[in-house]
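J.: So here's run_24.cif, just mmCIF, C-alpha atoms and all ligand atoms:
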data_start
#
loop_
_atom_site.label_atom_id
_atom_site.label_comp_id
_atom_site.auth_asym_id
_atom_site.auth_seq_id
_atom_site.Cartn_x
_atom_site.Cartn_y
_atom_site.Cartn_z
CA MET R 1297 0.00 0.00 0.00
CA THR R 1298 1.45 3.33 -1.05
CA PRO R 1299 1.40 6.23 1.38
CA PRO R 1300 -1.25 8.91 0.83
CA SER R 1301 -0.60 11.79 -1.52
CA VAL R 1302 -1.59 15.22 -0.28
CA LEU R 1303 -2.82 17.95 -2.62
CA VAL R 1304 -3.57 21.37 -1.17
CA HIS R 1305 -5.73 23.91 -2.97
CA ARG R 1306 -6.29 27.57 -2.23
CA ASP R 1307 -9.83 27.31 -0.91
CA GLN R 1308 -12.89 25.08 -0.94
CA GLY R 1309 -14.03 26.36 -4.34
CA VAL R 1310 -10.77 25.45 -6.03
CA LEU R 1311 -10.64 22.17 -4.14
CA ALA R 1312 -14.13 21.23 -5.33
CA ALA R 1313 -13.38 22.15 -8.95
CA ALA R 1314 -10.07 20.27 -8.94
CA ALA R 1315 -11.55 17.18 -7.32
CA ALA R 1316 -14.44 17.28 -9.78
CA ALA R 1317 -12.05 17.39 -12.75
CA ARG R 1318 -10.06 14.53 -11.26
CA LEU R 1319 -13.23 12.50 -10.69
CA VAL R 1320 -14.50 12.98 -14.24
CA THR R 1321 -11.13 11.87 -15.57
CA ARG R 1322 -10.95 8.84 -13.30
CA ILE R 1323 -14.46 7.70 -14.27
CA ALA R 1324 -13.79 8.23 -17.98
CA ASP R 1325 -10.52 6.30 -17.72
CA ALA R 1326 -12.21 3.37 -15.98
CA GLN R 1327 -14.95 3.32 -18.60
CA ALA R 1328 -12.36 3.33 -21.37
CA GLU R 1329 -10.53 0.43 -19.72
CA ARG R 1330 -13.43 -1.77 -18.64
CA GLY R 1331 -16.57 -0.27 -20.13
CA ALA R 1332 -17.93 0.75 -16.74
CA ALA R 1333 -16.99 2.56 -13.56
CA SER R 1334 -18.13 2.61 -9.94
CA VAL R 1335 -17.87 5.29 -7.31
CA ALA R 1336 -18.97 5.57 -3.69
CA LEU R 1337 -20.20 9.03 -2.73
CA THR R 1338 -20.02 10.86 0.55
CA GLY R 1339 -22.27 13.38 2.19
CA GLY R 1340 -21.13 16.56 3.84
CA GLY R 1341 -20.14 19.99 2.68
CA VAL R 1342 -17.11 19.33 0.49
CA GLY R 1343 -18.37 16.05 -0.90
CA THR R 1344 -21.56 17.68 -2.09
CA ALA R 1345 -19.63 20.68 -3.44
CA VAL R 1346 -17.53 18.32 -5.56
CA LEU R 1347 -20.66 16.78 -7.05
CA ALA R 1348 -22.07 20.24 -7.80
CA ALA R 1349 -18.78 21.14 -9.48
CA VAL R 1350 -19.03 18.04 -11.68
CA ALA R 1351 -22.55 19.06 -12.67
CA ALA R 1352 -21.36 22.57 -13.53
CA SER R 1353 -18.43 21.37 -15.62
CA ASP R 1354 -18.55 20.92 -19.40
CA ALA R 1355 -16.18 18.00 -18.84
CA ARG R 1356 -19.06 16.02 -17.36
CA ASP R 1357 -19.88 15.03 -20.93
CA ALA R 1358 -16.66 13.00 -20.98
CA VAL R 1359 -18.47 10.49 -18.74
CA ASP R 1360 -20.97 7.95 -20.00
CA TRP R 1361 -23.33 8.35 -17.09
CA THR R 1362 -25.37 5.33 -18.15
CA ARG R 1363 -22.34 3.12 -17.44
CA LEU R 1364 -21.60 4.38 -13.95
CA ASP R 1365 -22.55 2.56 -10.77
CA VAL R 1366 -23.17 4.97 -7.91
CA TRP R 1367 -22.88 3.74 -4.33
CA TRP R 1368 -22.61 5.52 -1.00
CA GLY R 1369 -19.97 5.16 1.68
CA ASP R 1370 -22.54 5.93 4.34
CA GLU R 1371 -26.05 7.14 4.83
CA ARG R 1372 -28.06 8.79 7.53
CA PHE R 1373 -30.93 6.35 8.27
CA LEU R 1374 -33.73 8.78 7.49
CA PRO R 1375 -36.76 8.54 5.21
CA THR R 1376 -36.34 8.74 1.45
CA GLY R 1377 -36.18 12.39 0.38
CA ASP R 1378 -35.22 13.68 3.81
CA PRO R 1379 -32.94 16.68 3.21
CA GLU R 1380 -30.40 15.26 5.69
CA ARG R 1381 -29.93 12.07 3.71
CA ASN R 1382 -26.66 11.99 1.79
CA GLU R 1383 -28.58 10.56 -1.14
CA THR R 1384 -30.88 13.61 -1.26
CA GLY R 1385 -27.93 15.99 -1.43
CA ALA R 1386 -26.18 13.96 -4.11
CA ARG R 1387 -29.27 13.80 -6.27
CA ALA R 1388 -29.83 17.56 -6.02
CA ALA R 1389 -26.16 18.38 -6.66
CA LEU R 1390 -25.48 15.96 -9.52
CA LEU R 1391 -27.55 12.87 -10.10
CA ASP R 1392 -30.71 14.75 -11.09
CA HIS R 1393 -28.70 16.60 -13.75
CA VAL R 1394 -26.98 13.76 -15.59
CA PRO R 1395 -28.44 10.73 -17.40
CA VAL R 1396 -27.55 8.07 -14.84
CA ASP R 1397 -29.26 4.70 -15.14
CA PRO R 1398 -31.65 4.60 -12.15
CA ALA R 1399 -30.94 0.89 -11.79
CA ARG R 1400 -27.25 1.70 -11.26
CA VAL R 1401 -27.85 4.28 -8.53
CA HIS R 1402 -27.55 2.18 -5.39
CA ALA R 1403 -28.94 4.25 -2.56
CA MET R 1404 -28.70 2.79 0.91
CA PRO R 1405 -32.10 1.59 2.15
CA ALA R 1406 -34.19 4.04 4.17
CA PRO R 1407 -36.56 3.32 7.07
CA ASP R 1408 -39.43 3.53 4.58
CA GLY R 1409 -37.66 0.95 2.40
CA PRO R 1410 -37.94 -2.82 2.11
CA ASP R 1411 -36.71 -3.59 5.62
CA GLY R 1412 -38.57 -0.86 7.46
CA ASP R 1413 -37.02 0.63 10.55
CA ASP R 1414 -34.30 -2.01 10.82
CA PRO R 1415 -30.83 -0.60 10.11
CA GLU R 1416 -29.16 -3.99 10.59
CA ALA R 1417 -31.32 -5.44 7.82
CA ALA R 1418 -30.65 -2.37 5.68
CA ALA R 1419 -26.90 -2.81 6.14
CA ALA R 1420 -27.12 -6.51 5.32
CA ARG R 1421 -29.19 -5.79 2.22
CA TYR R 1422 -26.76 -3.13 1.04
CA GLY R 1423 -23.74 -5.30 1.66
CA ALA R 1424 -25.32 -8.12 -0.33
CA GLU R 1425 -26.16 -5.73 -3.16
CA LEU R 1426 -22.61 -4.43 -3.38
CA ALA R 1427 -21.10 -7.89 -3.11
CA GLY R 1428 -23.56 -9.19 -5.70
CA ALA R 1429 -22.43 -6.48 -8.09
CA GLY R 1430 -18.85 -7.68 -7.74
CA GLY R 1431 -17.86 -5.37 -4.91
CA ARG R 1432 -15.60 -3.28 -7.10
CA LEU R 1433 -15.24 0.42 -6.29
CA ASP R 1434 -12.97 2.54 -8.48
CA VAL R 1435 -13.12 5.58 -6.23
CA VAL R 1436 -14.44 6.10 -2.72
CA LEU R 1437 -15.03 9.73 -1.78
CA LEU R 1438 -14.88 10.45 1.92
CA GLY R 1439 -15.55 13.61 3.85
CA VAL R 1440 -14.04 13.81 7.31
CA GLY R 1441 -15.57 15.22 10.46
CA PRO R 1442 -13.81 17.46 12.97
CA ASP R 1443 -13.85 14.37 15.22
CA ALA R 1444 -11.94 12.49 12.48
CA HIS R 1445 -14.85 10.23 11.51
CA VAL R 1446 -15.14 9.02 7.94
CA ALA R 1447 -18.28 7.62 6.33
CA SER R 1448 -20.25 6.78 9.52
CA LEU R 1449 -17.29 5.20 11.29
CA PHE R 1450 -16.98 7.32 14.42
CA PRO R 1451 -14.21 7.27 17.01
CA HIS R 1452 -14.42 4.51 19.59
CA MET R 1453 -17.67 3.07 18.24
CA PRO R 1454 -18.37 -0.61 17.57
CA GLY R 1455 -18.73 -0.12 13.81
CA LEU R 1456 -14.97 0.33 13.58
CA ASP R 1457 -14.42 -3.37 14.18
CA ALA R 1458 -17.28 -4.63 12.05
CA ASP R 1459 -16.71 -7.45 9.60
CA GLY R 1460 -18.72 -7.76 6.45
CA THR R 1461 -19.50 -5.17 3.82
CA ALA R 1462 -21.77 -2.69 5.60
CA VAL R 1463 -22.72 -2.07 9.20
CA ALA R 1464 -25.56 -0.43 11.10
CA VAL R 1465 -24.48 2.40 13.38
CA HIS R 1466 -26.38 3.40 16.51
CA GLY R 1467 -25.71 6.35 18.79
CA ALA R 1468 -23.56 8.36 16.38
CA PRO R 1469 -22.36 11.54 18.07
CA LYS R 1470 -23.34 13.57 15.01
CA PRO R 1471 -27.07 13.60 14.19
CA PRO R 1472 -28.84 11.55 13.18
CA PRO R 1473 -27.74 8.83 15.59
CA THR R 1474 -28.77 5.94 13.36
CA ARG R 1475 -26.81 5.37 10.18
CA VAL R 1476 -25.51 2.73 7.79
CA SER R 1477 -21.88 2.67 6.77
CA LEU R 1478 -19.54 0.66 4.64
CA THR R 1479 -16.93 -1.03 6.81
CA PHE R 1480 -13.21 -0.33 6.78
CA GLY R 1481 -12.70 -3.56 4.86
CA THR R 1482 -15.01 -2.40 2.09
CA LEU R 1483 -13.74 1.17 1.95
CA ASN R 1484 -10.17 -0.07 1.77
CA SER R 1485 -10.95 -2.54 -0.98
CA ALA R 1486 -11.47 0.39 -3.36
CA ASP R 1487 -8.85 1.11 -6.00
CA GLU R 1488 -8.64 4.69 -4.81
CA VAL R 1489 -9.77 6.45 -1.65
CA TRP R 1490 -10.02 10.23 -1.72
CA VAL R 1491 -10.36 12.09 1.57
CA LEU R 1492 -11.85 15.56 1.03
CA ALA R 1493 -11.47 18.26 3.68
CA ALA R 1494 -11.86 22.03 3.79
CA GLY R 1495 -11.80 24.52 6.62
CA GLU R 1496 -9.83 24.93 9.79
CA SER R 1497 -12.26 22.76 11.78
CA LYS R 1498 -10.86 19.77 9.85
CA ALA R 1499 -7.18 20.59 10.32
CA GLU R 1500 -6.60 18.43 13.38
CA ALA R 1501 -8.49 15.48 11.87
CA VAL R 1502 -6.37 15.78 8.72
CA ARG R 1503 -3.18 15.90 10.78
CA LEU R 1504 -4.23 12.76 12.65
CA GLY R 1505 -5.19 11.04 9.40
CA LEU R 1506 -1.69 11.52 8.04
CA SER R 1507 0.39 10.96 11.14
CA GLY R 1508 -0.21 7.32 11.98
CA ALA R 1509 -2.75 8.07 14.69
CA ASP R 1510 -4.68 5.35 16.50
CA VAL R 1511 -7.52 4.38 14.14
CA ALA R 1512 -9.95 3.88 17.02
CA ALA R 1513 -9.45 7.51 18.01
CA ALA R 1514 -9.17 8.88 14.47
CA PRO R 1515 -10.90 6.64 11.92
CA VAL R 1516 -9.62 8.79 9.05
CA ALA R 1517 -6.18 7.35 9.82
CA GLY R 1518 -7.47 3.92 8.80
CA VAL R 1519 -8.66 4.55 5.26
CA ARG R 1520 -6.31 3.65 2.44
CA GLY R 1521 -7.06 2.68 -1.15
CA ARG R 1522 -5.48 -0.41 -2.69
CA ASN R 1523 -3.76 1.57 -5.43
CA ARG R 1524 -3.96 5.15 -4.29
CA THR R 1525 -4.98 7.33 -1.38
CA LEU R 1526 -5.42 11.05 -1.86
CA PHE R 1527 -5.99 13.72 0.74
CA LEU R 1528 -7.53 16.60 -1.23
CA LEU R 1529 -7.47 19.64 1.00
CA ASP R 1530 -7.79 23.37 1.12
CA ARG R 1531 -5.16 25.46 2.84
CA SER R 1532 -7.11 25.74 6.08
CA ALA R 1533 -7.57 21.99 6.39
CA ALA R 1534 -3.85 21.51 5.68
CA ALA R 1535 -2.73 24.08 8.20
CA LYS R 1536 -1.52 21.56 10.80
CA LEU R 1537 0.51 19.42 8.41
CA PRO R 1538 4.20 19.76 9.05
CA GLY R 1539 5.89 21.43 6.13
CA ALA R 1540 2.71 21.43 4.07
CA ASP R 1541 2.94 23.18 0.74
CA THR R 1542 -0.10 25.41 0.89
CA SER R 1543 0.64 27.18 -2.37
CA GLY R 1544 -2.64 25.97 -3.84
CA ARG R 1545 -0.86 23.88 -6.49
CA PRO R 1546 -0.02 20.20 -6.41
O1 LIG B 1 -22.30 12.95 8.70
C1 LIG B 1 -21.51 12.96 7.82
O2 LIG B 1 -20.42 13.81 7.89
C2 LIG B 1 -19.26 13.64 7.12
C3 LIG B 1 -18.52 14.97 6.99
O3 LIG B 1 -19.41 16.04 6.73
P1 LIG B 1 -18.90 17.57 6.64
O4 LIG B 1 -20.15 18.37 6.37
O5 LIG B 1 -18.29 17.91 7.96
O6 LIG B 1 -17.92 17.65 5.51
C4 LIG B 1 -19.59 13.01 5.79
O7 LIG B 1 -18.40 12.66 5.18
C5 LIG B 1 -20.46 11.79 5.96
O8 LIG B 1 -20.73 11.19 4.71
C6 LIG B 1 -21.72 12.19 6.60
O9 LIG B 1 -22.66 11.16 6.77
#
Just give me the structure as structure tokens.

T.:
Amino acid sequence: MTPPSVLVHRDQGVLAAAAAARLVTRIADAQAERGAASVALTGGGVGTAVLAAVAASDARDAVDWTRLDVWWGDERFLPTGDPERNETGARAALLDHVPVDPARVHAMPAPDGPDGDDPEAAAARYGAELAGAGGRLDVVLLGVGPDAHVASLFPHMPGLDADGTAVAVHGAPKPPPTRVSLTFGTLNSADEVWVLAAGESKAEAVRLGLSGADVAAAPVAGVRGRNRTLFLLDRSAAAKLPGADTSGRP
């Protein structure tokens, strides 16, 4: 496993545009190689800004959206259409504006879904769906919380040790308390993992993620792609990295 690469951009706007360009290219490359691509999306401020930047970019037409599988790294276990669901934000920012195949948009089940108010069943269903599709993820996008959580893997919570593909999360410190998350094993099976962070509130989490911190205390320290791990940051989020080049250029 190669160590993470760190790219620092001037501000969140530049970060979102640069990550969007990178994502379009990565998806188009995968489609050229294999005829299809798969990404796992994140919620949160920067993750949603990246999707909006893809939607706003002419380069989005380089992607064959009908041959993209869209998954999520985590979801807040709230009813379909709830504005706090990561799915809702992703649809509004991007998926409603490009010709994705609805059958290839794999939202995590909601409490009004097939398993009702049973997050364990929702996690099992989602894990089976991803495994049944071959389990391949070209890129996993991950936001990071000020507490260093990624997806819905929060510090010192049982989900950190979960086996299997996806896990139900109860009692998350950030609302809502009930969530579904891919496990570390699944996140780290992706070809590439991209951690996205902007703002000074993320600076300590970013530092921990890149300094070999205890994964139980700082889950972001435990995510690594098989082929590549990128930390895509703005200057504020990079402020605590020793010797960070915060010029705004790679
Ligand atoms: O709750 C969540 O938070 C994180 C980070 O969100 P941010 O707004 O602080 O960037 C997000 O990555 C995760 O998907 C989400 O469920």

J.: For Gly1439 (chain R), which residue among R:Asp1370, R:Glu1416, R:Asp1392, R:Asp1457 is the nearest when counting all atoms listed in the file?

T.: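 Going through R:Asp1370, R:Glu1416, R:Asp1392, R:Asp1457 one by one, the smallest distance to Gly1439 (chain R) is for R:Asp1370.
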
J.: Produce the centre coordinates and the three edge lengths, each in Å to one decimal, of the box along x, y and z that contains all listed atoms of ligand LIG 1 (chain B) with 8 Å added on each side, as JSON.

T.:
{"center_x": -20.3, "center_y": 14.8, "center_z": 6.7, "size_x": 20.7, "size_y": 23.2, "size_z": 20.0}

J.: Find the nearest atom pair between each residue of chain R and ligand LIG 1 (chain B) for residues within 10 Å, count only C-alpha atoms and all ligand atoms, give distances in Å to one decimal, sort rows by chain and ascending number, and present the table as a Markdown table.

T.:
| residue | atom | partner | partner_atom | distance |
| --- | --- | --- | --- | --- |
| R:Leu1337 | CA | B:LIG1 | O8 | 7.8 |
| R:Thr1338 | CA | B:LIG1 | O8 | 4.2 |
| R:Gly1339 | CA | B:LIG1 | O8 | 3.7 |
| R:Gly1340 | CA | B:LIG1 | O4 | 3.3 |
| R:Gly1341 | CA | B:LIG1 | O4 | 4.0 |
| R:Val1342 | CA | B:LIG1 | O6 | 5.4 |
| R:Gly1343 | CA | B:LIG1 | O6 | 6.6 |
| R:Thr1344 | CA | B:LIG1 | O6 | 8.4 |
| R:Ala1345 | CA | B:LIG1 | O6 | 9.6 |
| R:Trp1368 | CA | B:LIG1 | O8 | 8.3 |
| R:Gly1369 | CA | B:LIG1 | O8 | 6.8 |
| R:Asp1370 | CA | B:LIG1 | O8 | 5.6 |
| R:Glu1371 | CA | B:LIG1 | O9 | 5.6 |
| R:Arg1372 | CA | B:LIG1 | O9 | 5.9 |
| R:Phe1373 | CA | B:LIG1 | O9 | 9.7 |
| R:Glu1380 | CA | B:LIG1 | O9 | 8.8 |
| R:Arg1381 | CA | B:LIG1 | O9 | 7.9 |
| R:Asn1382 | CA | B:LIG1 | O9 | 6.4 |
| R:Glu1383 | CA | B:LIG1 | O8 | 9.8 |
| R:Leu1437 | CA | B:LIG1 | O7 | 8.3 |
| R:Leu1438 | CA | B:LIG1 | O7 | 5.3 |
| R:Gly1439 | CA | B:LIG1 | O7 | 3.3 |
| R:Val1440 | CA | B:LIG1 | C3 | 4.6 |
| R:Gly1441 | CA | B:LIG1 | C3 | 4.6 |
| R:Pro1442 | CA | B:LIG1 | O5 | 6.7 |
| R:Asp1443 | CA | B:LIG1 | O5 | 9.2 |
| R:Ala1444 | CA | B:LIG1 | C3 | 8.9 |
| R:His1445 | CA | B:LIG1 | C2 | 7.1 |
| R:Val1446 | CA | B:LIG1 | O7 | 5.6 |
| R:Ala1447 | CA | B:LIG1 | O8 | 4.6 |
| R:Ser1448 | CA | B:LIG1 | O9 | 5.7 |
| R:Leu1449 | CA | B:LIG1 | C5 | 9.0 |
| R:Phe1450 | CA | B:LIG1 | O1 | 9.6 |
| R:Ala1468 | CA | B:LIG1 | O1 | 9.0 |
| R:Pro1469 | CA | B:LIG1 | O1 | 9.5 |
| R:Lys1470 | CA | B:LIG1 | O1 | 6.4 |
| R:Pro1471 | CA | B:LIG1 | O1 | 7.3 |
| R:Pro1472 | CA | B:LIG1 | O1 | 8.0 |
| R:Pro1473 | CA | B:LIG1 | O1 | 9.7 |
| R:Arg1475 | CA | B:LIG1 | O9 | 7.9 |
| R:Val1476 | CA | B:LIG1 | O9 | 9.0 |
| R:Ser1477 | CA | B:LIG1 | O9 | 8.5 |
| R:Val1491 | CA | B:LIG1 | O7 | 8.8 |
| R:Leu1492 | CA | B:LIG1 | O6 | 7.8 |
| R:Ala1493 | CA | B:LIG1 | O6 | 6.7 |
| R:Ala1494 | CA | B:LIG1 | O6 | 7.7 |
| R:Gly1495 | CA | B:LIG1 | O6 | 9.3 |
| R:Ser1497 | CA | B:LIG1 | O5 | 8.6 |
| R:Lys1498 | CA | B:LIG1 | O5 | 7.9 |

J.: Write out as a list in words the residues lying within 12 Å of Asp1510 (chain R), counting only C-alpha atoms and excluding same-chain residues fewer than 3 positions away.

T.: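 Surrounding residues, per the criterion: Ala1444, Pro1451, His1452, Leu1456, Ala1501, Leu1504, Gly1505, Leu1506, Ser1507, Ala1513, Ala1514, Pro1515, Val1516, Ala1517, Gly1518 and Val1519 of chain R.
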
J.: What does the distance between CA of Asp1487 (chain R) and CA of Leu1528 (chain R) come to in Å, to one decimal place?

T.: 16.3 Å

J.: Restricting the calculation to all atoms listed in the file: of R:Asp1413, R:Ala1349, R:Trp1367, R:Ala1534, which residue gets closest to Ala1389 (chain R)?

T.: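 Ranking R:Asp1413, R:Ala1349, R:Trp1367, R:Ala1534 by distance to Ala1389 (chain R), first place goes to R:Ala1349.
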
J.: Provide region 1477-1507 of chain R rebuilt to N, CA and C atoms, formatted as a CSV table (one decimal), in the coordinates of the input.

T.:
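Heads up, here's the output in out08.csv:
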chain,number,residue,atom,x,y,z
R,1477,SER,N,-23.2,2.3,7.3
R,1477,SER,CA,-21.9,2.7,6.8
R,1477,SER,C,-21.2,1.5,6.1
R,1478,LEU,N,-20.5,1.7,5.1
R,1478,LEU,CA,-19.5,0.7,4.6
R,1478,LEU,C,-18.5,0.5,5.7
R,1479,THR,N,-18.0,-0.7,5.8
R,1479,THR,CA,-16.9,-1.0,6.8
R,1479,THR,C,-15.5,-0.6,6.3
R,1480,PHE,N,-14.6,-0.6,7.2
R,1480,PHE,CA,-13.2,-0.3,6.8
R,1480,PHE,C,-12.8,-1.3,5.7
R,1481,GLY,N,-13.1,-2.6,5.8
R,1481,GLY,CA,-12.7,-3.6,4.9
R,1481,GLY,C,-13.2,-3.2,3.5
R,1482,THR,N,-14.4,-2.7,3.4
R,1482,THR,CA,-15.0,-2.4,2.1
R,1482,THR,C,-14.4,-1.1,1.6
R,1483,LEU,N,-14.3,-0.1,2.4
R,1483,LEU,CA,-13.7,1.2,2.0
R,1483,LEU,C,-12.3,0.9,1.4
R,1484,ASN,N,-11.6,0.1,2.1
R,1484,ASN,CA,-10.2,-0.1,1.8
R,1484,ASN,C,-10.0,-1.1,0.7
R,1485,SER,N,-11.1,-1.7,0.2
R,1485,SER,CA,-11.0,-2.5,-1.0
R,1485,SER,C,-11.0,-1.7,-2.3
R,1486,ALA,N,-11.4,-0.5,-2.2
R,1486,ALA,CA,-11.5,0.4,-3.4
R,1486,ALA,C,-10.1,0.6,-4.0
R,1487,ASP,N,-10.1,0.8,-5.3
R,1487,ASP,CA,-8.8,1.1,-6.0
R,1487,ASP,C,-8.3,2.4,-5.4
R,1488,GLU,N,-9.1,3.4,-5.3
R,1488,GLU,CA,-8.6,4.7,-4.8
R,1488,GLU,C,-9.6,5.2,-3.7
R,1489,VAL,N,-9.0,5.8,-2.7
R,1489,VAL,CA,-9.8,6.4,-1.6
R,1489,VAL,C,-9.3,7.9,-1.6
R,1490,TRP,N,-10.3,8.8,-1.7
R,1490,TRP,CA,-10.0,10.2,-1.7
R,1490,TRP,C,-10.7,10.9,-0.5
R,1491,VAL,N,-9.9,11.4,0.4
R,1491,VAL,CA,-10.4,12.1,1.6
R,1491,VAL,C,-10.4,13.6,1.2
R,1492,LEU,N,-11.6,14.2,1.4
R,1492,LEU,CA,-11.8,15.6,1.0
R,1492,LEU,C,-12.0,16.4,2.3
R,1493,ALA,N,-11.3,17.5,2.5
R,1493,ALA,CA,-11.5,18.3,3.7
R,1493,ALA,C,-11.2,19.7,3.4
R,1494,ALA,N,-12.0,20.6,3.9
R,1494,ALA,CA,-11.9,22.0,3.8
R,1494,ALA,C,-12.2,22.7,5.1
R,1495,GLY,N,-11.5,23.7,5.4
R,1495,GLY,CA,-11.8,24.5,6.6
R,1495,GLY,C,-10.9,24.2,7.8
R,1496,GLU,N,-10.7,25.1,8.7
R,1496,GLU,CA,-9.8,24.9,9.8
R,1496,GLU,C,-10.4,23.9,10.8
R,1497,SER,N,-11.7,23.7,10.8
R,1497,SER,CA,-12.3,22.8,11.8
R,1497,SER,C,-11.8,21.3,11.5
R,1498,LYS,N,-11.3,21.1,10.3
R,1498,LYS,CA,-10.9,19.8,9.8
R,1498,LYS,C,-9.3,19.6,10.0
R,1499,ALA,N,-8.6,20.6,10.4
R,1499,ALA,CA,-7.2,20.6,10.3
R,1499,ALA,C,-6.6,19.5,11.3
R,1500,GLU,N,-7.1,19.4,12.4
R,1500,GLU,CA,-6.6,18.4,13.4
R,1500,GLU,C,-6.9,17.0,12.9
R,1501,ALA,N,-8.1,16.8,12.4
R,1501,ALA,CA,-8.5,15.5,11.9
R,1501,ALA,C,-7.6,15.1,10.7
R,1502,VAL,N,-7.3,16.0,9.8
R,1502,VAL,CA,-6.4,15.8,8.7
R,1502,VAL,C,-5.0,15.4,9.2
R,1503,ARG,N,-4.5,16.2,10.2
R,1503,ARG,CA,-3.2,15.9,10.8
R,1503,ARG,C,-3.1,14.5,11.3
R,1504,LEU,N,-4.2,14.1,12.1
R,1504,LEU,CA,-4.2,12.8,12.6
R,1504,LEU,C,-4.3,11.7,11.5
R,1505,GLY,N,-5.0,12.0,10.5
R,1505,GLY,CA,-5.2,11.0,9.4
R,1505,GLY,C,-3.9,10.7,8.7
R,1506,LEU,N,-3.0,11.7,8.8
R,1506,LEU,CA,-1.7,11.5,8.0
R,1506,LEU,C,-0.5,11.3,8.9
R,1507,SER,N,-0.8,11.1,10.2
R,1507,SER,CA,0.4,11.0,11.1
R,1507,SER,C,0.4,9.6,11.9
